$ cat structure_1.cif   # mmCIF, C-alpha atoms
data_query
loop_
_atom_site.label_atom_id
_atom_site.label_comp_id
_atom_site.auth_asym_id
_atom_site.auth_seq_id
_atom_site.Cartn_x
_atom_site.Cartn_y
_atom_site.Cartn_z
CA MET G 143 0.00 0.00 0.00
CA LYS G 144 1.45 3.34 -1.01
CA GLN G 145 1.63 5.99 1.69
CA ILE G 146 1.75 9.77 1.55
CA ILE G 147 2.19 12.28 4.35
CA ALA G 148 -0.09 15.29 4.40
CA GLN G 149 1.68 18.63 3.99
CA PRO G 150 0.76 22.17 5.06
CA LEU G 151 -1.78 23.78 2.74
CA THR G 152 -0.36 26.72 0.79
CA ARG G 153 -1.56 28.72 -2.21
CA ASP G 154 1.43 27.70 -4.29
CA ALA G 155 1.13 23.99 -3.60
CA PHE G 156 -2.62 24.04 -4.26
CA ALA G 157 -2.65 26.37 -7.28
CA GLN G 158 -3.15 23.70 -9.93
CA PHE G 159 -6.21 22.33 -8.09
CA GLY G 160 -8.10 25.51 -7.25
CA ASP G 161 -8.00 28.28 -4.65
CA VAL G 162 -6.98 28.53 -1.02
CA ILE G 163 -9.57 30.82 0.56
CA GLU G 164 -7.78 32.91 3.17
CA THR G 165 -7.15 36.55 3.95
CA ASP G 166 -3.37 36.24 4.26
CA GLY G 167 -1.84 37.53 1.06
CA ALA G 168 -5.23 38.27 -0.52
CA GLU G 169 -6.17 41.43 -2.37
CA SER G 170 -8.26 43.71 -0.18
CA PHE G 171 -9.71 47.20 -0.02
CA LEU G 172 -11.71 49.27 2.43
CA ILE G 173 -15.45 49.76 2.07
CA ASN G 174 -18.27 51.20 4.20
CA ALA G 175 -16.45 54.44 5.04
CA GLY G 176 -13.41 52.53 6.20
CA LYS G 177 -15.26 50.31 8.67
CA CYS G 178 -14.84 47.10 6.67
CA THR G 179 -12.03 45.37 4.77
CA ARG G 180 -13.17 43.44 1.72
CA PHE G 181 -10.87 40.54 0.84
CA HIS G 182 -12.15 40.33 -2.67
CA ASP G 183 -12.94 37.46 -5.02
CA LEU G 184 -11.03 34.71 -3.26
CA ALA G 185 -12.21 31.81 -5.42
CA LYS G 186 -13.21 31.14 -9.00
CA VAL G 187 -16.82 29.95 -8.76
CA GLU G 188 -17.98 28.01 -11.82
CA THR G 189 -21.48 26.78 -12.54
CA ALA G 190 -22.00 25.30 -16.00
CA GLY G 191 -24.71 23.32 -17.75
CA GLU G 192 -28.45 23.55 -17.93
CA ASN G 193 -30.28 25.52 -15.22
CA ALA G 194 -26.99 26.04 -13.43
CA HIS G 195 -26.99 28.18 -10.33
CA THR G 196 -24.90 28.68 -7.22
CA LEU G 197 -25.82 26.91 -3.98
CA ILE G 198 -24.88 27.91 -0.45
CA ASN G 199 -24.95 24.96 1.94
CA ILE G 200 -23.61 23.95 5.32
CA PHE G 201 -21.88 20.57 5.58
CA ARG G 202 -21.52 18.97 9.00
CA GLY G 203 -18.73 16.42 8.73
CA THR G 204 -17.65 13.81 11.24
CA PRO G 205 -13.92 13.27 11.74
CA TYR G 206 -11.86 10.49 10.18
CA ASP G 207 -9.23 8.32 11.81
CA PHE G 208 -5.60 8.42 10.71
CA PRO G 209 -3.80 6.94 8.97
CA LEU G 210 -6.60 7.11 6.44
CA ALA G 211 -7.21 4.56 3.69
CA LEU G 212 -8.08 6.57 0.59
CA GLU G 213 -10.02 4.41 -1.83
CA MET G 214 -11.98 6.93 -3.86
CA VAL G 215 -11.83 10.44 -5.21
CA GLU G 216 -14.54 12.33 -7.04
CA ARG G 217 -14.92 15.33 -9.30
CA HIS G 218 -17.70 17.67 -10.45
CA PRO G 219 -17.63 18.21 -14.23
CA LEU G 220 -20.09 21.10 -14.11
CA GLY G 221 -18.90 23.23 -11.23
CA SER G 222 -16.44 24.27 -8.59
CA GLN G 223 -16.94 23.43 -4.92
CA ALA G 224 -15.71 25.61 -2.05
CA PHE G 225 -15.35 24.55 1.60
CA ILE G 226 -14.86 27.23 4.25
CA PRO G 227 -14.63 25.99 7.85
CA LEU G 228 -16.82 27.59 10.50
CA SER G 229 -14.36 26.51 13.18
CA GLN G 230 -10.63 26.76 13.72
CA GLU G 231 -10.13 22.99 13.48
CA PRO G 232 -7.97 21.42 10.76
CA PHE G 233 -9.28 19.34 7.90
CA LEU G 234 -7.57 17.17 5.34
CA VAL G 235 -7.55 18.27 1.70
CA VAL G 236 -6.82 15.53 -0.82
CA VAL G 237 -6.58 16.25 -4.52
CA ALA G 238 -5.19 14.49 -7.56
CA PRO G 239 -4.22 15.56 -11.06
CA ASP G 240 -6.12 14.04 -13.94
CA ALA G 241 -4.33 11.30 -15.84
CA GLY G 242 -6.26 10.62 -19.02
CA GLY G 243 -9.69 10.59 -17.41
CA ARG G 244 -8.54 8.76 -14.28
CA ALA G 245 -7.17 10.23 -11.09
CA GLY G 246 -3.40 10.35 -10.82
CA ASP G 247 -1.42 10.00 -7.60
CA PRO G 248 -3.10 11.93 -4.76
CA GLN G 249 -1.62 14.83 -2.84
CA ALA G 250 -2.71 15.60 0.71
CA PHE G 251 -2.70 18.85 2.65
CA ILE G 252 -3.65 19.91 6.17
CA SER G 253 -5.48 23.21 6.56
CA ALA G 254 -4.40 25.85 9.02
CA PRO G 255 -7.01 27.85 10.96
CA ASN G 256 -8.77 30.35 8.71
CA GLN G 257 -8.05 28.46 5.50
CA GLY G 258 -10.71 27.14 3.17
CA VAL G 259 -10.39 25.64 -0.29
CA ASN G 260 -12.19 25.86 -3.58
CA TYR G 261 -11.85 22.80 -5.80
CA ALA G 262 -11.76 23.94 -9.40
CA ARG G 263 -14.37 22.47 -11.73
CA ASN G 264 -13.51 18.91 -12.73
CA THR G 265 -10.68 18.54 -10.18
CA TRP G 266 -10.32 15.15 -8.48
CA HIS G 267 -10.66 15.42 -4.70
CA ALA G 268 -11.54 13.33 -1.68
CA VAL G 269 -14.73 13.79 0.29
CA LEU G 270 -14.83 16.23 3.20
CA THR G 271 -12.37 14.96 5.81
CA PRO G 272 -12.43 16.73 9.19
CA ILE G 273 -9.54 16.00 11.54
CA GLY G 274 -10.14 15.55 15.25
CA LYS G 275 -13.69 16.81 15.69
CA ALA G 276 -17.01 17.14 13.93
CA GLN G 277 -16.94 20.41 11.99
CA ASP G 278 -19.29 22.65 10.06
CA PHE G 279 -18.34 24.17 6.71
CA VAL G 280 -19.92 26.70 4.41
CA VAL G 281 -20.01 25.02 1.02
CA VAL G 282 -20.54 26.94 -2.21
CA ASP G 283 -21.23 24.69 -5.16
CA ARG G 284 -23.43 24.14 -8.18
CA GLY G 285 -27.07 23.17 -8.59
CA GLY G 286 -28.81 22.43 -11.87
CA ASP G 287 -29.56 19.66 -14.32
CA GLY G 288 -27.17 17.02 -15.63
CA ASN G 289 -24.70 14.67 -13.98
CA ASN G 290 -22.22 16.61 -11.88
CA LEU G 291 -20.52 13.71 -10.10
CA GLU G 292 -17.82 11.34 -11.28
CA GLU G 293 -16.06 8.90 -8.95
CA PHE G 294 -12.75 7.10 -9.35
CA TYR G 295 -11.67 4.11 -7.26
CA TYR G 296 -7.93 3.56 -7.00
CA PRO G 297 -6.91 -0.02 -7.87
CA GLN G 298 -5.29 -0.13 -4.44
CA PRO G 299 -6.07 2.24 -1.56
CA TRP G 300 -3.54 4.90 -0.61
CA THR G 301 -2.59 5.42 3.01
CA ILE G 302 -2.58 9.05 4.10
CA ALA G 303 -0.80 9.85 7.33
CA LEU G 304 -0.47 13.05 9.29
CA PRO G 305 3.10 14.18 9.87
CA GLY G 306 4.66 13.06 13.15
CA SER G 307 4.93 16.70 14.11
CA PHE G 308 1.22 17.30 13.62
CA GLN G 309 -0.66 18.61 16.62
CA GLY G 310 -4.37 19.25 16.51
CA THR G 311 -5.67 22.53 17.81
CA ASP G 312 -6.46 21.00 21.20
CA GLN G 313 -2.98 19.84 22.13
CA MET J 277 -35.58 61.04 15.71
CA LYS J 278 -37.48 57.79 15.28
CA GLN J 279 -36.19 54.82 17.20
CA ILE J 280 -36.51 51.09 16.66
CA ILE J 281 -35.38 48.23 18.85
CA ALA J 282 -33.61 45.33 17.21
CA GLN J 283 -35.43 42.01 17.44
CA PRO J 284 -34.20 38.40 17.34
CA LEU J 285 -33.53 37.20 13.79
CA THR J 286 -35.94 34.49 12.65
CA ARG J 287 -36.76 32.94 9.28
CA ASP J 288 -40.35 34.10 9.45
CA ALA J 289 -39.56 37.70 10.32
CA PHE J 290 -36.88 37.88 7.63
CA ALA J 291 -38.67 35.97 4.86
CA GLN J 292 -39.68 38.98 2.78
CA PHE J 293 -36.07 40.23 2.69
CA GLY J 294 -34.17 37.03 1.87
CA ASP J 295 -32.87 33.95 3.67
CA VAL J 296 -31.63 33.20 7.15
CA ILE J 297 -28.71 30.82 6.64
CA GLU J 298 -28.76 28.33 9.51
CA THR J 299 -28.97 24.60 10.03
CA ASP J 300 -31.86 24.72 12.50
CA GLY J 301 -35.01 23.80 10.61
CA ALA J 302 -33.19 23.40 7.29
CA GLU J 303 -33.60 20.53 4.86
CA SER J 304 -30.73 18.08 5.15
CA PHE J 305 -29.59 14.66 3.98
CA LEU J 306 -26.63 12.37 4.55
CA ILE J 307 -23.79 12.11 2.03
CA ASN J 308 -20.34 10.51 1.96
CA ALA J 309 -21.46 7.11 3.26
CA GLY J 310 -23.21 8.73 6.19
CA LYS J 311 -20.18 10.70 7.40
CA CYS J 312 -21.54 14.11 6.45
CA THR J 313 -24.86 15.95 6.75
CA ARG J 314 -25.60 18.30 3.88
CA PHE J 315 -27.88 21.20 4.87
CA HIS J 316 -28.84 21.91 1.32
CA ASP J 317 -29.43 25.09 -0.64
CA LEU J 318 -29.88 27.53 2.23
CA ALA J 319 -30.02 30.73 0.17
CA LYS J 320 -31.23 31.89 -3.22
CA VAL J 321 -28.11 33.19 -4.95
CA GLU J 322 -28.83 35.55 -7.83
CA THR J 323 -26.33 37.01 -10.28
CA ALA J 324 -27.84 38.93 -13.16
CA GLY J 325 -26.55 41.25 -15.88
CA GLU J 326 -23.61 41.21 -18.21
CA ASN J 327 -20.65 38.98 -17.34
CA ALA J 328 -22.33 38.09 -14.07
CA HIS J 329 -20.62 35.57 -11.83
CA THR J 330 -20.57 34.57 -8.18
CA LEU J 331 -17.88 35.95 -5.87
CA ILE J 332 -16.66 34.46 -2.60
CA ASN J 333 -15.11 37.08 -0.33
CA ILE J 334 -14.22 37.58 3.29
CA PHE J 335 -15.34 40.82 4.94
CA ARG J 336 -13.60 41.95 8.13
CA GLY J 337 -15.92 44.40 9.83
CA THR J 338 -15.25 46.63 12.82
CA PRO J 339 -18.00 46.93 15.45
CA TYR J 340 -20.45 49.81 15.72
CA ASP J 341 -21.58 51.65 18.83
CA PHE J 342 -25.18 51.54 20.01
CA PRO J 343 -27.59 53.15 19.83
CA LEU J 344 -26.76 53.43 16.16
CA ALA J 345 -27.75 56.34 13.93
CA LEU J 346 -28.90 54.79 10.65
CA GLU J 347 -28.62 57.32 7.86
CA MET J 348 -28.30 55.17 4.77
CA VAL J 349 -29.34 51.85 3.32
CA GLU J 350 -28.26 50.33 0.03
CA ARG J 351 -29.36 47.66 -2.41
CA HIS J 352 -27.86 45.63 -5.22
CA PRO J 353 -30.10 45.57 -8.30
CA LEU J 354 -28.14 42.79 -10.00
CA GLY J 355 -27.53 40.27 -7.27
CA SER J 356 -28.09 38.77 -3.85
CA GLN J 357 -25.52 39.15 -1.07
CA ALA J 358 -24.97 36.59 1.67
CA PHE J 359 -23.13 37.13 4.98
CA ILE J 360 -22.11 34.11 7.05
CA PRO J 361 -20.19 34.87 10.24
CA LEU J 362 -16.93 33.03 10.92
CA SER J 363 -17.36 33.65 14.64
CA GLN J 364 -20.11 33.19 17.20
CA GLU J 365 -20.50 36.94 17.77
CA PRO J 366 -23.75 38.74 17.01
CA PHE J 367 -24.25 41.24 14.23
CA LEU J 368 -27.04 43.66 13.42
CA VAL J 369 -29.19 43.04 10.35
CA VAL J 370 -31.12 46.05 9.09
CA VAL J 371 -33.47 45.79 6.14
CA ALA J 372 -36.28 47.88 4.71
CA PRO J 373 -39.14 47.23 2.31
CA ASP J 374 -39.17 49.18 -0.92
CA ALA J 375 -41.61 52.06 -1.06
CA GLY J 376 -41.83 53.23 -4.65
CA GLY J 377 -38.10 53.22 -5.32
CA ARG J 378 -37.17 54.59 -1.90
CA ALA J 379 -36.50 52.63 1.27
CA GLY J 380 -39.44 52.33 3.64
CA ASP J 381 -39.19 52.17 7.42
CA PRO J 382 -36.28 49.97 8.51
CA GLN J 383 -36.50 46.77 10.52
CA ALA J 384 -33.60 45.61 12.66
CA PHE J 385 -32.61 42.12 13.82
CA ILE J 386 -29.87 40.67 15.98
CA SER J 387 -28.28 37.42 14.82
CA ALA J 388 -27.86 34.44 17.09
CA PRO J 389 -24.70 32.31 16.90
CA ASN J 390 -24.65 30.19 13.73
CA GLN J 391 -27.01 32.47 11.81
CA GLY J 392 -26.12 34.18 8.57
CA VAL J 393 -28.30 36.10 6.16
CA ASN J 394 -28.75 36.37 2.42
CA TYR J 395 -30.17 39.69 1.23
CA ALA J 396 -32.35 39.02 -1.78
CA ARG J 397 -31.51 40.88 -4.97
CA ASN J 398 -32.64 44.50 -4.81
CA THR J 399 -33.47 44.43 -1.10
CA TRP J 400 -32.65 47.55 0.93
CA HIS J 401 -30.21 46.80 3.76
CA ALA J 402 -27.66 48.52 5.95
CA VAL J 403 -23.94 47.95 5.65
CA LEU J 404 -22.30 45.16 7.63
CA THR J 405 -22.73 45.98 11.32
CA PRO J 406 -20.83 43.78 13.79
CA ILE J 407 -21.81 44.08 17.43
CA GLY J 408 -19.17 44.05 20.14
CA LYS J 409 -16.06 42.89 18.30
CA ALA J 410 -14.39 42.94 14.93
CA GLN J 411 -15.68 39.96 12.98
CA ASP J 412 -14.97 38.07 9.78
CA PHE J 413 -17.74 36.97 7.42
CA VAL J 414 -17.86 34.82 4.34
CA VAL J 415 -19.67 36.94 1.76
CA VAL J 416 -21.17 35.47 -1.40
CA ASP J 417 -22.22 38.12 -3.89
CA ARG J 418 -22.12 39.13 -7.51
CA GLY J 419 -19.35 40.30 -9.82
CA GLY J 420 -19.78 41.53 -13.38
CA ASP J 421 -20.47 44.63 -15.43
CA GLY J 422 -23.06 47.30 -14.77
CA ASN J 423 -24.04 49.33 -11.71
CA ASN J 424 -24.93 47.01 -8.85
CA LEU J 425 -25.19 49.60 -6.06
CA GLU J 426 -27.96 51.99 -5.16
CA GLU J 427 -27.98 54.04 -1.95
CA PHE J 428 -30.82 55.74 -0.12
CA TYR J 429 -30.39 58.38 2.56
CA TYR J 430 -33.27 58.75 4.99
CA PRO J 431 -34.45 62.36 5.34
CA GLN J 432 -33.80 61.96 9.07
CA PRO J 433 -31.61 59.28 10.63
CA TRP J 434 -33.23 56.41 12.51
CA THR J 435 -31.95 55.39 15.91
CA ILE J 436 -31.47 51.65 16.33
CA ALA J 437 -31.11 50.36 19.86
CA LEU J 438 -30.39 46.92 21.22
CA PRO J 439 -33.03 45.60 23.59
CA GLY J 440 -32.39 46.23 27.28
CA SER J 441 -32.20 42.47 27.75
CA PHE J 442 -29.45 42.09 25.14
CA GLN J 443 -26.25 40.51 26.34
CA GLY J 444 -23.30 40.07 24.04
CA THR J 445 -21.59 36.72 23.93
CA ASP J 446 -18.97 37.86 26.41
CA GLN J 447 -21.22 38.78 29.31
#
$ encode --input "structure_1.cif" --output "structure tokens"
Amino acid sequence: MKQIIAQPLTRDAFAQFGDVIETDGAESFLINAGKCTRFHDLAKVETAGENAHTLINIFRGTPYDFPLALEMVERHPLGSQAFIPLSQEPFLVVVAPDAGGRAGDPQAFISAPNQGVNYARNTWHAVLTPIGKAQDFVVVDRGGDGNNLEEFYYPQPWTIALPGSFQGTDQ
Amino acid sequence: MKQIIAQPLTRDAFAQFGDVIETDGAESFLINAGKCTRFHDLAKVETAGENAHTLINIFRGTPYDFPLALEMVERHPLGSQAFIPLSQEPFLVVVAPDAGGRAGDPQAFISAPNQGVNYARNTWHAVLTPIGKAQDFVVVDRGGDGNNLEEFYYPQPWTIALPGSFQGTDQ
């Protein structure tokens, strides 16, 4: 079984898969007579296909045990999907490049507090994977007609481990 | 000067102005082999006009003093605008019905923890008004061409007070 170790989530490392949604390093400007900072347009939202529209949802995810056996990734051919945590807890972000219509080798990242992600349209990713505790997320994705889900099962599961240095927010 | 007292934010009271974004009472179903609850489609997102698309932003708002003098409300003719707090702190939600192209008498609400709002397209509302502390919000609104901002100044400011029973989250 092949194993990977999750790495810190950064804009550079994630760039080919979508957006890291965070204020650090983001473009911003003042609005409302200086009372509010707008960190502007942090993710490329895509909604394609018939009757496409943007959905705002809340996902309540239960935590996973580690090391994790990753068997499946999925992608959404018709839209992006953003996850913004409503807590300061970490979650695991797993993505994979496309390899001729199948998912290539996965890459795994651990979010820092105040980081969300937006999976670009048609990007392979694992399901929502909270670490440590049940967590709520704002999710912005696509509604409409047509099939917006494709799944890929790896021939053999991957093992995803947290780094030995990893400490949850409670420790 | 006319005064109003802010009231608790509820779906019923807010229905004519847009959506309260909260899990309580929302439609939900299980996904990801039962590991995640999806509270589905909590807000009607609208993006109209040329080159319209959905934006995901983070707004960092500084708190306001109370009683508040409300001079101005605004509306967005081309899109909805959702505010989902990233903290448990309360914020003030001020909306007004339209009265022949001008804003009518305002109504004010105080959010509970885990409540966000979505202002429907073209609904008069006050600017982001945190109570007590600086707060971050996920904001989902509309980008694109055309003028998406209209402001209305009341002939005389309204005074908005918090109820005498109101306790911030710190007390």
$ residues_around --input "structure_1.cif" --residues "Trp400 in chain J" --least-positions-apart "4" --cutoff "12 Å" --atoms "only C-alpha atoms" --output "JSON, numbers by chain"
{"J": [292, 293, 294, 348, 349, 350, 351, 352, 353, 356, 357, 369, 370, 371, 372, 373, 374, 375, 377, 378, 379, 380, 381, 382, 383, 384, 394, 395, 396, 425, 426, 427, 428, 429, 430]}
$ atom_distance --input "structure_1.cif" --atom1 "CA of Leu184 in chain G" --atom2 "CA of Phe171 in chain G"
13.0 Å
$ interface_residues --input "structure_1.cif" --of "chain J" --to "chain G" --cutoff "10 Å" --atoms "all atoms listed in the file" --output "ChimeraX atom specification"
/J:297-299,302,304-323,329-340,358,360-364,390,394,402-406,410-419
$ atom_distance --input "structure_1.cif" --atom1 "CA of Gly221 in chain G" --atom2 "CA of Gly191 in chain G"
8.7 Å
$ closest_residue --input "structure_1.cif" --among "J:Trp434, J:Phe385, J:Phe367, J:Phe442" --to "Gly408 in chain J" --atoms "all atoms listed in the file"
J:Phe367
$ resolve_selection --input "structure_1.cif" --expression "the PyMOL selection byres ((chain J and resi 440) around 12)" --output "list in words"
Ile281, Ala282, Gln283, Phe342, Pro343, Ala437, Leu438, Pro439, Ser441, Phe442, Gln443 and Gly444 of chain J
$ decode --input "structure_1.cif" --residues "range 196-281 of chain G" --atoms "C-alpha atoms" --output "CSV table (one decimal), in the first residue's frame"
chain,number,residue,atom,x,y,z
G,196,THR,CA,-24.9,28.7,-7.2
G,197,LEU,CA,-25.8,26.9,-4.0
G,198,ILE,CA,-24.9,27.9,-0.4
G,199,ASN,CA,-25.0,25.0,1.9
G,200,ILE,CA,-23.6,24.0,5.3
G,201,PHE,CA,-21.9,20.6,5.6
G,202,ARG,CA,-21.5,19.0,9.0
G,203,GLY,CA,-18.7,16.4,8.7
G,204,THR,CA,-17.6,13.8,11.2
G,205,PRO,CA,-13.9,13.3,11.7
G,206,TYR,CA,-11.9,10.5,10.2
G,207,ASP,CA,-9.2,8.3,11.8
G,208,PHE,CA,-5.6,8.4,10.7
G,209,PRO,CA,-3.8,6.9,9.0
G,210,LEU,CA,-6.6,7.1,6.4
G,211,ALA,CA,-7.2,4.6,3.7
G,212,LEU,CA,-8.1,6.6,0.6
G,213,GLU,CA,-10.0,4.4,-1.8
G,214,MET,CA,-12.0,6.9,-3.9
G,215,VAL,CA,-11.8,10.4,-5.2
G,216,GLU,CA,-14.5,12.3,-7.0
G,217,ARG,CA,-14.9,15.3,-9.3
G,218,HIS,CA,-17.7,17.7,-10.4
G,219,PRO,CA,-17.6,18.2,-14.2
G,220,LEU,CA,-20.1,21.1,-14.1
G,221,GLY,CA,-18.9,23.2,-11.2
G,222,SER,CA,-16.4,24.3,-8.6
G,223,GLN,CA,-16.9,23.4,-4.9
G,224,ALA,CA,-15.7,25.6,-2.0
G,225,PHE,CA,-15.3,24.6,1.6
G,226,ILE,CA,-14.9,27.2,4.3
G,227,PRO,CA,-14.6,26.0,7.9
G,228,LEU,CA,-16.8,27.6,10.5
G,229,SER,CA,-14.4,26.5,13.2
G,230,GLN,CA,-10.6,26.8,13.7
G,231,GLU,CA,-10.1,23.0,13.5
G,232,PRO,CA,-8.0,21.4,10.8
G,233,PHE,CA,-9.3,19.3,7.9
G,234,LEU,CA,-7.6,17.2,5.3
G,235,VAL,CA,-7.5,18.3,1.7
G,236,VAL,CA,-6.8,15.5,-0.8
G,237,VAL,CA,-6.6,16.2,-4.5
G,238,ALA,CA,-5.2,14.5,-7.6
G,239,PRO,CA,-4.2,15.6,-11.1
G,240,ASP,CA,-6.1,14.0,-13.9
G,241,ALA,CA,-4.3,11.3,-15.8
G,242,GLY,CA,-6.3,10.6,-19.0
G,243,GLY,CA,-9.7,10.6,-17.4
G,244,ARG,CA,-8.5,8.8,-14.3
G,245,ALA,CA,-7.2,10.2,-11.1
G,246,GLY,CA,-3.4,10.3,-10.8
G,247,ASP,CA,-1.4,10.0,-7.6
G,248,PRO,CA,-3.1,11.9,-4.8
G,249,GLN,CA,-1.6,14.8,-2.8
G,250,ALA,CA,-2.7,15.6,0.7
G,251,PHE,CA,-2.7,18.9,2.7
G,252,ILE,CA,-3.6,19.9,6.2
G,253,SER,CA,-5.5,23.2,6.6
G,254,ALA,CA,-4.4,25.8,9.0
G,255,PRO,CA,-7.0,27.9,11.0
G,256,ASN,CA,-8.8,30.4,8.7
G,257,GLN,CA,-8.0,28.5,5.5
G,258,GLY,CA,-10.7,27.1,3.2
G,259,VAL,CA,-10.4,25.6,-0.3
G,260,ASN,CA,-12.2,25.9,-3.6
G,261,TYR,CA,-11.8,22.8,-5.8
G,262,ALA,CA,-11.8,23.9,-9.4
G,263,ARG,CA,-14.4,22.5,-11.7
G,264,ASN,CA,-13.5,18.9,-12.7
G,265,THR,CA,-10.7,18.5,-10.2
G,266,TRP,CA,-10.3,15.2,-8.5
G,267,HIS,CA,-10.7,15.4,-4.7
G,268,ALA,CA,-11.5,13.3,-1.7
G,269,VAL,CA,-14.7,13.8,0.3
G,270,LEU,CA,-14.8,16.2,3.2
G,271,THR,CA,-12.4,15.0,5.8
G,272,PRO,CA,-12.4,16.7,9.2
G,273,ILE,CA,-9.5,16.0,11.5
G,274,GLY,CA,-10.1,15.6,15.2
G,275,LYS,CA,-13.7,16.8,15.7
G,276,ALA,CA,-17.0,17.1,13.9
G,277,GLN,CA,-16.9,20.4,12.0
G,278,ASP,CA,-19.3,22.7,10.1
G,279,PHE,CA,-18.3,24.2,6.7
G,280,VAL,CA,-19.9,26.7,4.4
G,281,VAL,CA,-20.0,25.0,1.0
